[in-house]
Structure formats: structure tokens, C-alpha cells
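A.B. asks: Pasting run_24.pdb here (PDB, C-alpha atoms, pLDDT in the B column):
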ATOM      1  CA  GLY A 173       0.000   0.000   0.000  1.00 82.00           C
ATOM      2  CA  ASN A 174       0.856   3.661   0.012  1.00 87.00           C
ATOM      3  CA  SER A 175       2.294   5.172   3.166  1.00 91.00           C
ATOM      4  CA  VAL A 176       4.544   7.845   4.595  1.00 94.00           C
ATOM      5  CA  THR A 177       6.916   7.408   7.522  1.00 95.00           C
ATOM      6  CA  GLN A 178       8.547  10.348   9.203  1.00 94.00           C
ATOM      7  CA  MET A 179      10.738  10.660  12.246  1.00 89.00           C
ATOM      8  CA  GLU A 180       9.047  10.881  15.586  1.00 85.00           C
ATOM      9  CA  GLY A 181       9.244  14.062  17.535  1.00 86.00           C
ATOM     10  CA  PRO A 182       9.417  16.224  19.263  1.00 94.00           C
ATOM     11  CA  VAL A 183      12.606  17.675  17.871  1.00 95.00           C
ATOM     12  CA  THR A 184      14.102  20.406  20.031  1.00 97.00           C
ATOM     13  CA  LEU A 185      16.771  22.686  18.606  1.00 97.00           C
ATOM     14  CA  SER A 186      18.431  25.927  19.509  1.00 97.00           C
ATOM     15  CA  GLU A 187      18.010  28.913  17.261  1.00 97.00           C
ATOM     16  CA  GLU A 188      20.308  28.861  14.208  1.00 96.00           C
ATOM     17  CA  ALA A 189      20.817  25.090  14.434  1.00 97.00           C
ATOM     18  CA  PHE A 190      20.584  22.849  11.368  1.00 97.00           C
ATOM     19  CA  LEU A 191      17.334  20.963  10.926  1.00 97.00           C
ATOM     20  CA  THR A 192      16.674  17.617   9.298  1.00 97.00           C
ATOM     21  CA  ILE A 193      13.353  15.824   9.485  1.00 97.00           C
ATOM     22  CA  ASN A 194      13.466  12.454   7.779  1.00 97.00           C
ATOM     23  CA  CYS A 195      10.660  11.219   5.578  1.00 97.00           C
ATOM     24  CA  THR A 196      10.403   8.025   3.554  1.00 97.00           C
ATOM     25  CA  TYR A 197       7.515   6.766   1.522  1.00 96.00           C
ATOM     26  CA  THR A 198       6.033   3.670  -0.055  1.00 95.00           C
ATOM     27  CA  ALA A 199       3.936   4.136  -3.143  1.00 91.00           C
ATOM     28  CA  THR A 200       2.571   2.263  -6.107  1.00 84.00           C
ATOM     29  CA  GLY A 201       3.322   4.503  -9.029  1.00 81.00           C
ATOM     30  CA  TYR A 202       5.005   7.884  -9.068  1.00 83.00           C
ATOM     31  CA  PRO A 203       3.761  10.200  -6.359  1.00 91.00           C
ATOM     32  CA  SER A 204       4.104  13.893  -5.853  1.00 92.00           C
ATOM     33  CA  LEU A 205       5.656  14.660  -2.469  1.00 95.00           C
ATOM     34  CA  PHE A 206       4.834  17.455  -0.082  1.00 95.00           C
ATOM     35  CA  TRP A 207       5.783  19.025   3.195  1.00 97.00           C
ATOM     36  CA  TYR A 208       3.031  20.783   5.111  1.00 94.00           C
ATOM     37  CA  VAL A 209       3.465  22.895   8.236  1.00 94.00           C
ATOM     38  CA  GLN A 210       0.897  23.474  10.960  1.00 89.00           C
ATOM     39  CA  TYR A 211       1.443  26.410  13.282  1.00 88.00           C
ATOM     40  CA  PRO A 212      -0.394  26.427  16.622  1.00 81.00           C
ATOM     41  CA  GLY A 213      -4.100  27.063  16.167  1.00 73.00           C
ATOM     42  CA  GLU A 214      -3.892  27.167  12.385  1.00 77.00           C
ATOM     43  CA  GLY A 215      -4.620  24.842   9.486  1.00 78.00           C
ATOM     44  CA  LEU A 216      -2.032  22.943   7.499  1.00 85.00           C
ATOM     45  CA  GLN A 217      -0.156  25.070   4.998  1.00 88.00           C
ATOM     46  CA  LEU A 218       1.800  23.823   2.036  1.00 90.00           C
ATOM     47  CA  LEU A 219       5.496  24.430   2.703  1.00 95.00           C
ATOM     48  CA  LEU A 220       7.034  22.912  -0.412  1.00 96.00           C
ATOM     49  CA  LYS A 221       6.523  20.188  -2.956  1.00 94.00           C
ATOM     50  CA  ALA A 222       8.255  18.123  -5.635  1.00 95.00           C
ATOM     51  CA  THR A 223       6.523  16.307  -8.425  1.00 91.00           C
ATOM     52  CA  LYS A 224       9.222  14.072  -9.885  1.00 91.00           C
ATOM     53  CA  ALA A 225      12.491  12.389  -9.062  1.00 93.00           C
ATOM     54  CA  ASP A 226      15.456  14.682  -8.340  1.00 95.00           C
ATOM     55  CA  ASP A 227      13.212  17.746  -8.056  1.00 96.00           C
ATOM     56  CA  LYS A 228      14.057  20.014  -5.164  1.00 97.00           C
ATOM     57  CA  GLY A 229      11.286  21.904  -3.429  1.00 96.00           C
ATOM     58  CA  SER A 230      12.223  24.989  -1.463  1.00 97.00           C
ATOM     59  CA  ASN A 231      10.473  27.729   0.484  1.00 96.00           C
ATOM     60  CA  LYS A 232      11.307  30.018   3.422  1.00 95.00           C
ATOM     61  CA  GLY A 233      14.797  28.500   3.704  1.00 97.00           C
ATOM     62  CA  PHE A 234      13.463  24.935   3.834  1.00 98.00           C
ATOM     63  CA  GLU A 235      14.472  22.415   1.197  1.00 98.00           C
ATOM     64  CA  ALA A 236      13.653  18.826   0.318  1.00 98.00           C
ATOM     65  CA  THR A 237      14.830  16.697  -2.611  1.00 98.00           C
ATOM     66  CA  TYR A 238      12.746  13.926  -4.145  1.00 97.00           C
ATOM     67  CA  ARG A 239      15.002  10.851  -3.993  1.00 96.00           C
ATOM     68  CA  LYS A 240      13.444   7.996  -5.895  1.00 94.00           C
ATOM     69  CA  GLU A 241      16.329   5.586  -5.265  1.00 94.00           C
ATOM     70  CA  THR A 242      15.949   5.887  -1.506  1.00 96.00           C
ATOM     71  CA  THR A 243      12.214   6.734  -1.567  1.00 96.00           C
ATOM     72  CA  SER A 244      12.915   9.714   0.635  1.00 97.00           C
ATOM     73  CA  PHE A 245      11.989  13.384   0.887  1.00 98.00           C
ATOM     74  CA  HIS A 246      13.907  14.701   3.891  1.00 98.00           C
ATOM     75  CA  LEU A 247      13.220  18.246   5.034  1.00 98.00           C
ATOM     76  CA  GLU A 248      16.219  20.474   5.801  1.00 98.00           C
ATOM     77  CA  LYS A 249      16.882  24.018   6.916  1.00 98.00           C
ATOM     78  CA  GLY A 250      20.283  25.481   7.527  1.00 97.00           C
ATOM     79  CA  SER A 251      19.409  27.821  10.383  1.00 96.00           C
ATOM     80  CA  VAL A 252      16.122  27.506  12.244  1.00 97.00           C
ATOM     81  CA  GLN A 253      14.319  30.333  13.995  1.00 97.00           C
ATOM     82  CA  VAL A 254      11.965  30.343  16.959  1.00 96.00           C
ATOM     83  CA  SER A 255       9.162  31.139  14.520  1.00 96.00           C
ATOM     84  CA  ASP A 256       9.742  27.780  12.804  1.00 97.00           C
ATOM     85  CA  SER A 257       8.314  25.982  15.833  1.00 96.00           C
ATOM     86  CA  ALA A 258       5.384  23.992  14.444  1.00 95.00           C
ATOM     87  CA  VAL A 259       4.318  20.511  13.396  1.00 93.00           C
ATOM     88  CA  TYR A 260       5.643  19.341  10.033  1.00 96.00           C
ATOM     89  CA  PHE A 261       3.850  16.742   7.926  1.00 95.00           C
ATOM     90  CA  CYS A 262       5.341  14.825   5.034  1.00 96.00           C
ATOM     91  CA  ALA A 263       2.769  13.670   2.484  1.00 95.00           C
ATOM     92  CA  LEU A 264       2.345  12.019  -0.882  1.00 93.00           C
ATOM     93  CA  ARG A 265      -0.270  12.202  -3.574  1.00 89.00           C
ATOM     94  CA  LEU A 266      -0.579   9.787  -6.471  1.00 81.00           C
ATOM     95  CA  LEU A 267      -1.413  10.995  -9.944  1.00 70.00           C
ATOM     96  CA  THR A 268      -4.201   8.459 -10.152  1.00 69.00           C
ATOM     97  CA  GLY A 269      -5.620   9.384  -6.758  1.00 60.00           C
ATOM     98  CA  GLY A 270      -7.082  12.755  -7.565  1.00 65.00           C
ATOM     99  CA  PHE A 271      -6.351  14.975  -4.608  1.00 70.00           C
ATOM    100  CA  LYS A 272      -6.215  12.158  -2.073  1.00 78.00           C
ATOM    101  CA  THR A 273      -3.245  12.928   0.095  1.00 87.00           C
ATOM    102  CA  ILE A 274      -1.561  10.437   2.420  1.00 89.00           C
ATOM    103  CA  PHE A 275       0.155  11.989   5.426  1.00 91.00           C
ATOM    104  CA  GLY A 276       2.904  10.994   7.773  1.00 92.00           C
ATOM    105  CA  ALA A 277       2.305  11.207  11.512  1.00 90.00           C
ATOM    106  CA  GLY A 278       3.823  14.661  11.805  1.00 92.00           C
ATOM    107  CA  THR A 279       6.938  15.847  13.615  1.00 95.00           C
ATOM    108  CA  ARG A 280       6.722  18.580  16.203  1.00 94.00           C
ATOM    109  CA  LEU A 281       9.631  21.025  16.175  1.00 96.00           C
ATOM    110  CA  PHE A 282      10.506  23.255  19.121  1.00 96.00           C
ATOM    111  CA  VAL A 283      13.115  25.943  18.555  1.00 97.00           C
ATOM    112  CA  LYS A 284      14.579  27.597  21.669  1.00 96.00           C
ATOM    113  CA  ALA A 285      15.935  31.118  21.674  1.00 94.00           C
TER     114      ALA A 285
ATOM    115  CA  GLY B 288      -3.644  32.531  -0.127  1.00 62.00           C
ATOM    116  CA  ALA B 289      -6.974  30.774   0.003  1.00 68.00           C
ATOM    117  CA  VAL B 290      -8.658  30.427   3.370  1.00 85.00           C
ATOM    118  CA  VAL B 291     -10.715  27.557   4.673  1.00 90.00           C
ATOM    119  CA  SER B 292     -12.592  27.961   7.927  1.00 93.00           C
ATOM    120  CA  GLN B 293     -14.181  25.438  10.252  1.00 95.00           C
ATOM    121  CA  HIS B 294     -16.874  25.928  12.827  1.00 96.00           C
ATOM    122  CA  PRO B 295     -16.871  25.244  15.660  1.00 96.00           C
ATOM    123  CA  SER B 296     -13.202  25.075  16.551  1.00 94.00           C
ATOM    124  CA  TRP B 297     -14.020  22.816  19.476  1.00 95.00           C
ATOM    125  CA  VAL B 298     -17.131  21.106  20.801  1.00 96.00           C
ATOM    126  CA  ILE B 299     -18.005  18.988  23.794  1.00 97.00           C
ATOM    127  CA  CYS B 300     -21.137  16.873  23.672  1.00 96.00           C
ATOM    128  CA  LYS B 301     -22.857  14.084  25.522  1.00 96.00           C
ATOM    129  CA  SER B 302     -22.800  10.533  24.291  1.00 97.00           C
ATOM    130  CA  GLY B 303     -25.708   9.799  21.968  1.00 96.00           C
ATOM    131  CA  THR B 304     -26.079  13.310  20.598  1.00 97.00           C
ATOM    132  CA  SER B 305     -25.253  14.477  17.080  1.00 97.00           C
ATOM    133  CA  VAL B 306     -22.721  17.139  16.215  1.00 97.00           C
ATOM    134  CA  LYS B 307     -22.421  19.147  13.002  1.00 97.00           C
ATOM    135  CA  ILE B 308     -19.120  20.612  11.838  1.00 97.00           C
ATOM    136  CA  GLU B 309     -19.019  23.184   9.053  1.00 97.00           C
ATOM    137  CA  CYS B 310     -16.230  23.726   6.563  1.00 95.00           C
ATOM    138  CA  ARG B 311     -16.248  26.839   4.398  1.00 94.00           C
ATOM    139  CA  SER B 312     -14.006  28.074   1.639  1.00 91.00           C
ATOM    140  CA  LEU B 313     -13.909  31.814   2.193  1.00 88.00           C
ATOM    141  CA  ASP B 314     -12.413  33.237  -0.969  1.00 83.00           C
ATOM    142  CA  PHE B 315     -12.763  30.538  -3.597  1.00 83.00           C
ATOM    143  CA  GLN B 316     -15.270  27.996  -4.825  1.00 85.00           C
ATOM    144  CA  ALA B 317     -14.438  24.461  -3.778  1.00 85.00           C
ATOM    145  CA  THR B 318     -15.517  21.729  -6.144  1.00 80.00           C
ATOM    146  CA  THR B 319     -14.050  19.070  -3.893  1.00 87.00           C
ATOM    147  CA  MET B 320     -13.709  18.941  -0.134  1.00 91.00           C
ATOM    148  CA  PHE B 321     -12.081  16.330   2.027  1.00 92.00           C
ATOM    149  CA  TRP B 322     -12.652  15.340   5.632  1.00 95.00           C
ATOM    150  CA  TYR B 323      -9.811  13.990   7.718  1.00 94.00           C
ATOM    151  CA  ARG B 324      -9.589  12.660  11.218  1.00 94.00           C
ATOM    152  CA  GLN B 325      -6.480  12.993  13.341  1.00 88.00           C
ATOM    153  CA  PHE B 326      -5.751  11.078  16.507  1.00 80.00           C
ATOM    154  CA  PRO B 327      -3.133  12.351  18.955  1.00 75.00           C
ATOM    155  CA  LYS B 328       0.384  11.924  17.626  1.00 70.00           C
ATOM    156  CA  GLN B 329      -0.934  10.213  14.519  1.00 73.00           C
ATOM    157  CA  SER B 330      -1.295  11.175  10.926  1.00 80.00           C
ATOM    158  CA  LEU B 331      -4.356  12.588   9.238  1.00 87.00           C
ATOM    159  CA  MET B 332      -6.623   9.792   8.051  1.00 89.00           C
ATOM    160  CA  LEU B 333      -8.846  10.562   5.086  1.00 90.00           C
ATOM    161  CA  MET B 334     -12.465   9.830   5.926  1.00 94.00           C
ATOM    162  CA  ALA B 335     -14.302  10.914   2.807  1.00 93.00           C
ATOM    163  CA  THR B 336     -14.242  12.997  -0.316  1.00 91.00           C
ATOM    164  CA  SER B 337     -17.196  15.171  -1.187  1.00 89.00           C
ATOM    165  CA  ASN B 338     -18.035  16.850  -4.452  1.00 84.00           C
ATOM    166  CA  GLU B 339     -20.552  19.624  -4.651  1.00 80.00           C
ATOM    167  CA  GLY B 340     -23.998  18.312  -5.498  1.00 80.00           C
ATOM    168  CA  SER B 341     -23.164  14.623  -5.274  1.00 82.00           C
ATOM    169  CA  LYS B 342     -22.829  11.946  -2.638  1.00 86.00           C
ATOM    170  CA  ALA B 343     -19.624  11.700  -0.681  1.00 90.00           C
ATOM    171  CA  THR B 344     -17.170   8.899  -1.301  1.00 91.00           C
ATOM    172  CA  TYR B 345     -16.122   7.242   1.935  1.00 94.00           C
ATOM    173  CA  GLU B 346     -12.844   5.501   2.632  1.00 92.00           C
ATOM    174  CA  GLN B 347     -12.841   1.876   3.614  1.00 91.00           C
ATOM    175  CA  GLY B 348     -13.779   1.387   7.243  1.00 93.00           C
ATOM    176  CA  VAL B 349     -15.587   4.709   7.638  1.00 94.00           C
ATOM    177  CA  GLU B 350     -19.265   4.345   8.514  1.00 94.00           C
ATOM    178  CA  LYS B 351     -21.216   6.585   6.176  1.00 92.00           C
ATOM    179  CA  ASP B 352     -24.350   6.395   8.320  1.00 94.00           C
ATOM    180  CA  LYS B 353     -22.386   7.651  11.286  1.00 96.00           C
ATOM    181  CA  PHE B 354     -20.428  10.383   9.536  1.00 96.00           C
ATOM    182  CA  LEU B 355     -22.881  12.205   7.304  1.00 95.00           C
ATOM    183  CA  ILE B 356     -21.328  14.546   4.779  1.00 93.00           C
ATOM    184  CA  ASN B 357     -23.225  17.141   2.808  1.00 90.00           C
ATOM    185  CA  HIS B 358     -21.533  19.366   0.222  1.00 88.00           C
ATOM    186  CA  ALA B 359     -24.450  21.705  -0.258  1.00 83.00           C
ATOM    187  CA  SER B 360     -22.733  24.489  -2.151  1.00 88.00           C
ATOM    188  CA  LEU B 361     -19.397  25.398  -3.692  1.00 87.00           C
ATOM    189  CA  THR B 362     -18.332  27.038  -0.444  1.00 90.00           C
ATOM    190  CA  LEU B 363     -19.787  24.786   2.252  1.00 92.00           C
ATOM    191  CA  SER B 364     -19.450  21.184   3.333  1.00 93.00           C
ATOM    192  CA  THR B 365     -20.743  19.782   6.600  1.00 95.00           C
ATOM    193  CA  LEU B 366     -19.804  16.706   8.592  1.00 96.00           C
ATOM    194  CA  THR B 367     -22.383  15.424  11.052  1.00 97.00           C
ATOM    195  CA  VAL B 368     -21.293  12.884  13.617  1.00 97.00           C
ATOM    196  CA  THR B 369     -24.494  11.063  14.502  1.00 96.00           C
ATOM    197  CA  SER B 370     -25.106   9.406  17.867  1.00 96.00           C
ATOM    198  CA  ALA B 371     -21.620  10.315  18.979  1.00 96.00           C
ATOM    199  CA  HIS B 372     -19.718   8.101  21.392  1.00 96.00           C
ATOM    200  CA  PRO B 373     -16.484   8.683  23.296  1.00 95.00           C
ATOM    201  CA  GLU B 374     -14.501   6.786  20.651  1.00 94.00           C
ATOM    202  CA  ASP B 375     -15.542   9.450  18.142  1.00 95.00           C
ATOM    203  CA  SER B 376     -13.562  12.022  20.112  1.00 95.00           C
ATOM    204  CA  SER B 377     -10.910  13.284  17.766  1.00 93.00           C
ATOM    205  CA  PHE B 378      -9.611  16.227  15.748  1.00 92.00           C
ATOM    206  CA  TYR B 379     -11.498  16.653  12.479  1.00 95.00           C
ATOM    207  CA  ILE B 380      -9.904  18.601   9.640  1.00 94.00           C
ATOM    208  CA  CYS B 381     -11.401  19.584   6.313  1.00 94.00           C
ATOM    209  CA  SER B 382      -9.624  20.650   3.174  1.00 92.00           C
ATOM    210  CA  ALA B 383     -10.792  22.120  -0.093  1.00 90.00           C
ATOM    211  CA  VAL B 384      -9.695  22.200  -3.688  1.00 85.00           C
ATOM    212  CA  GLY B 385     -10.985  25.020  -5.832  1.00 72.00           C
ATOM    213  CA  GLN B 386     -11.781  25.325  -9.492  1.00 61.00           C
ATOM    214  CA  SER B 387      -9.152  27.970  -9.951  1.00 55.00           C
ATOM    215  CA  TYR B 388      -6.561  25.862  -8.154  1.00 49.00           C
ATOM    216  CA  LYS B 389      -7.104  22.698 -10.135  1.00 47.00           C
ATOM    217  CA  GLY B 390      -4.076  20.534 -10.192  1.00 50.00           C
ATOM    218  CA  SER B 391      -2.158  22.561  -7.627  1.00 55.00           C
ATOM    219  CA  GLU B 392      -2.828  22.243  -3.909  1.00 67.00           C
ATOM    220  CA  GLN B 393      -5.327  21.652  -1.206  1.00 79.00           C
ATOM    221  CA  PHE B 394      -6.161  24.251   1.425  1.00 86.00           C
ATOM    222  CA  PHE B 395      -6.815  23.100   4.950  1.00 89.00           C
ATOM    223  CA  GLY B 396      -9.059  24.329   7.697  1.00 91.00           C
ATOM    224  CA  PRO B 397      -7.768  24.797  11.264  1.00 89.00           C
ATOM    225  CA  GLY B 398      -9.592  21.729  12.536  1.00 92.00           C
ATOM    226  CA  THR B 399     -12.384  21.004  15.026  1.00 95.00           C
ATOM    227  CA  ARG B 400     -11.713  19.187  18.255  1.00 94.00           C
ATOM    228  CA  LEU B 401     -14.630  16.975  19.269  1.00 96.00           C
ATOM    229  CA  THR B 402     -14.869  15.579  22.773  1.00 96.00           C
ATOM    230  CA  VAL B 403     -17.699  13.170  23.537  1.00 96.00           C
ATOM    231  CA  LEU B 404     -18.403  12.601  27.212  1.00 96.00           C
TER     232      LEU B 404
END
Kindly transcribe the structure held in the file into C-alpha cells.
C.D. replies:
Amino acid sequence: GNSVTQMEGPVTLSEEAFLTINCTYTATGYPSLFWYVQYPGEGLQLLLKATKADDKGSNKGFEATYRKETTSFHLEKGSVQVSDSAVYFCALRLLTGGFKTIFGAGTRLFVKA
Amino acid sequence: GAVVSQHPSWVICKSGTSVKIECRSLDFQATTMFWYRQFPKQSLMLMATSNEGSKATYEQGVEKDKFLINHASLTLSTLTVTSAHPEDSSFYICSAVGQSYKGSEQFFGPGTRLTVL
């Protein structure tokens, strides 16, 4: 079946530290991959996406590269800020699935000043 | 960006009662809306897909007589949890895809926390 596995949190970092949140997927076919972010009290927002192998999605200093050979889409940021504290969800969507999106469990990030 | 709202943001009800949750797209017309359920520290589980003017499509294992979905207009979908029980307590999230955003992304509401006593 189709699934997304991401590292358990919470992840606690100091400001300006390097962030990596691991995400791997299992899919039949060729999915598009996404990272969503959920700030406290708000809905999920699209952070970045990649639609094919070797694509790199980037936004607000975050990056993730679609690695087909390792079925991974790890999220990275070189220098986190307190305002990056949120829950991050990795997700996939199959071309044949319409807009059905399959989510990982989410990883909570705390950034300390 | 597009905004999706949910009402109420939280609700507490007694076992056996029914609860209605509204999902509205505020600045675009949503041809398709999705309802998700999220348990603590778990991922969002898709419950059903609703298209305006037609019956919702439920995922396997979701009781359609218990979770009634009505997509009455291009800006409103409702989820009614009928005869709620404590095991229905959860965080319910809707999302919407609009005509003008076809093929791009979903927009998510902030969620509704349901607690059944």
C-alpha cells in the first residue's frame, strides 16, 4: 500500500541550528511529495513540494529533494528560527488518486531562543 | 492565499447526541472537499471525499451512516457525527480544492476538536 513514515518528535533545537526531518515513503506509481506545516491554532499550509524524481522543493529557507532511489523526501533548513516551531507533515499524492493525500504522523519542532 | 474555515473550533457533547461541523471556503469555490480525522500523535486519516452536489465517497472502514457529509454548495461542506460516542472524540480537519486551483494544492481548515463525554 501507500504510506509515509517520518521521524518521531518532538525535535528540540536551539536557534540557528541545522534541521533535518526524515521522511520516507512507499507508493505504487510515481507520487508527488509534499511538506506541510501546521502552526499552533492554524490549518495545514503547504510548505514545499516536488513532483518528480530529483526535483528540489524549497520555500522560506526549507528544502527537500525527491530521492526515488531511496524513496525519501527529507526536510532540511540550515538555520532555524523560533518562529519555525510547528508541526511538520510529510505527504504524498498519487497521480491516479485525484487529490487524495496520504500523510505521515507529523513531527513537532521546538526551537529555543 | 486561500482560506478555509471550520466551525466550531471545538465542541463537547454528551454521548448519543449528534454534532455538526461546518467547513467553508472563504475566498474561492471548492468543487471538492475532504474530511480527515487525526488522533493524537498520529497522521491525518482521510475519511471521505465530497463533491458539490453529489454523494460523498467514503474511505474503507468509515461508517457513512455515522459520519454524514453534505456538500451543499461550492463554499460549504458539513460533517455530522451522529449518535456520537467517546470513541468518536478526535480532531477533524477539512480541506478544499478550488476550481481555480485545479491541479495545484489543497487548502486546509484549522480543525475542530470533538470531545464526547
A.B. asks: Report the distance between atom CA of Ile380 of chain B and atom CA of Leu331 of chain B in Å, rounded to one decimal place.
C.D. replies: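 Interatomic distance, atom CA of Ile380 of chain B to atom CA of Leu331 of chain B: 8.2 Å.
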A.B. asks: Given the ChimeraX specification (/B :<10) & /A and the file above, list the residues it selects as a PDB file with C-alpha atoms, in the frame of the given file.
C.D. replies:
ATOM      1  CA  VAL A 176       4.544   7.845   4.595  1.00 94.00           C
ATOM      2  CA  THR A 177       6.916   7.408   7.522  1.00 95.00           C
ATOM      3  CA  GLU A 180       9.047  10.881  15.586  1.00 85.00           C
ATOM      4  CA  GLY A 181       9.244  14.062  17.535  1.00 86.00           C
ATOM      5  CA  PHE A 206       4.834  17.455  -0.082  1.00 95.00           C
ATOM      6  CA  GLN A 210       0.897  23.474  10.960  1.00 89.00           C
ATOM      7  CA  TYR A 211       1.443  26.410  13.282  1.00 88.00           C
ATOM      8  CA  PRO A 212      -0.394  26.427  16.622  1.00 81.00           C
ATOM      9  CA  GLY A 213      -4.100  27.063  16.167  1.00 73.00           C
ATOM     10  CA  GLU A 214      -3.892  27.167  12.385  1.00 77.00           C
ATOM     11  CA  GLY A 215      -4.620  24.842   9.486  1.00 78.00           C
ATOM     12  CA  LEU A 216      -2.032  22.943   7.499  1.00 85.00           C
ATOM     13  CA  GLN A 217      -0.156  25.070   4.998  1.00 88.00           C
ATOM     14  CA  LEU A 218       1.800  23.823   2.036  1.00 90.00           C
ATOM     15  CA  LYS A 221       6.523  20.188  -2.956  1.00 94.00           C
ATOM     16  CA  PHE A 261       3.850  16.742   7.926  1.00 95.00           C
ATOM     17  CA  CYS A 262       5.341  14.825   5.034  1.00 96.00           C
ATOM     18  CA  ALA A 263       2.769  13.670   2.484  1.00 95.00           C
ATOM     19  CA  LEU A 267      -1.413  10.995  -9.944  1.00 70.00           C
ATOM     20  CA  GLY A 270      -7.082  12.755  -7.565  1.00 65.00           C
ATOM     21  CA  PHE A 271      -6.351  14.975  -4.608  1.00 70.00           C
ATOM     22  CA  LYS A 272      -6.215  12.158  -2.073  1.00 78.00           C
ATOM     23  CA  THR A 273      -3.245  12.928   0.095  1.00 87.00           C
ATOM     24  CA  ILE A 274      -1.561  10.437   2.420  1.00 89.00           C
ATOM     25  CA  PHE A 275       0.155  11.989   5.426  1.00 91.00           C
ATOM     26  CA  GLY A 276       2.904  10.994   7.773  1.00 92.00           C
ATOM     27  CA  ALA A 277       2.305  11.207  11.512  1.00 90.00           C
ATOM     28  CA  GLY A 278       3.823  14.661  11.805  1.00 92.00           C
ATOM     29  CA  THR A 279       6.938  15.847  13.615  1.00 95.00           C
ATOM     30  CA  ARG A 280       6.722  18.580  16.203  1.00 94.00           C
TER      31      ARG A 280
END
A.B. asks: Which protein, DNA or RNA residues are at most 12 Å from (-16.3, 4.8, 19.2) in the file's coordinates when you count all atoms listed in the file, listed as a list in words?
C.D. replies: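 Those within range, by chain then number, are Ser302, Gly303, Val349, Glu350, Lys353, Phe354, Val368, Thr369, Ser370, Ala371, His372, Pro373, Glu374, Asp375, Ser376, Ser377, Thr402, Val403 and Leu404 of chain B.
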A.B. asks: To one decimal place in Å, what is the distance between atom CA of Tyr197 of chain A and atom CA of Lys249 of chain A?
C.D. replies: 20.4 Å
A.B. asks: Compare B:Trp297, B:Tyr379, B:Trp322, B:Phe315 by their minimum atom-to-atom distance to Asn357 of chain B, counting all atoms listed in the file, and give me the closest one.
C.D. replies: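 Nearest candidate to Asn357 of chain B out of B:Trp297, B:Tyr379, B:Trp322, B:Phe315: B:Trp322.
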A.B. asks: Just say which residues the PyMOL selection byres ((chain A and resi 194) around 6) picks in this file, as an MDAnalysis selection string.
C.D. replies: chainID A and resid 178:179 193 195 246
A.B. asks: Which residue, B:Ala317, B:Val306, B:Arg400, B:Glu339, has the smallest gap to Leu355 of chain B when you use only C-alpha atoms?
C.D. replies: B:Val306
A.B. asks: Of the residues A:Ser244, A:Thr192, A:Tyr260, A:Thr200, which is the one nearest to Leu220 of chain A, using only C-alpha atoms?
C.D. replies: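 Using only C-alpha atoms, the shortest distance to Leu220 of chain A belongs to A:Tyr260.
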A.B. asks: Separation of atom CA of Ser186 of chain A and atom CA of Lys228 of chain A, in Å?
C.D. replies: 25.7 Å
A.B. asks: Taking all atoms listed in the file into account, which of B:Lys342, B:His294, B:Lys307, B:Lys301 comes nearest Thr367 of chain B?
C.D. replies: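 Of the candidates, the smallest distance to Thr367 of chain B is held by B:Lys307.
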A.B. asks: Output, as lines of an AutoDock Vina configuration file, the centre and edge lengths in Å (one decimal) of the axis-aligned box that contains all listed atoms of segment 330-338 of chain B with 6 Å of margin on each side.
C.D. replies:
center_x = -9.7
center_y = 13.3
center_z = 3.2
size_x = 28.7
size_y = 19.1
size_z = 27.4
A.B. asks: Would you pick out the contacts of Ser255 of chain A at 12 Å or less, using all atoms listed in the file, so that residues sharing its chain but fewer than 3 positions from it are not included, and give the list as an mmCIF file with C-alpha atoms, in the frame of the given file?
C.D. replies:
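Saved to out.cif:
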data_model
loop_
_atom_site.group_PDB
_atom_site.id
_atom_site.type_symbol
_atom_site.label_atom_id
_atom_site.label_comp_id
_atom_site.auth_asym_id
_atom_site.auth_seq_id
_atom_site.Cartn_x
_atom_site.Cartn_y
_atom_site.Cartn_z
ATOM 1 C CA SER A 186 18.431 25.927 19.509
ATOM 2 C CA GLU A 187 18.010 28.913 17.261
ATOM 3 C CA GLU A 188 20.308 28.861 14.208
ATOM 4 C CA VAL A 209 3.465 22.895 8.236
ATOM 5 C CA GLN A 210 0.897 23.474 10.960
ATOM 6 C CA TYR A 211 1.443 26.410 13.282
ATOM 7 C CA PRO A 212 -0.394 26.427 16.622
ATOM 8 C CA LYS A 232 11.307 30.018 3.422
ATOM 9 C CA SER A 251 19.409 27.821 10.383
ATOM 10 C CA VAL A 252 16.122 27.506 12.244
ATOM 11 C CA ALA A 258 5.384 23.992 14.444
ATOM 12 C CA VAL A 259 4.318 20.511 13.396
ATOM 13 C CA LEU A 281 9.631 21.025 16.175
ATOM 14 C CA PHE A 282 10.506 23.255 19.121
ATOM 15 C CA VAL A 283 13.115 25.943 18.555
ATOM 16 C CA LYS A 284 14.579 27.597 21.669
ATOM 17 C CA ALA A 285 15.935 31.118 21.674
#
A.B. asks: Starting from the displayed file, determine the output of the PyMOL selection byres ((chain A and resi 226) around 8) and express the residue list as a PyMOL selection string.
C.D. replies: chain A and resi 224-225+227-228+237-240
A.B. asks: Fewer than 6 positions away in the same chain doesn't count, so skip those; otherwise give me all residues within 6 Å of Glu235 of chain A, counting all atoms listed in the file, as a VMD selection string.
C.D. replies: chain A and resid 229 247 to 248
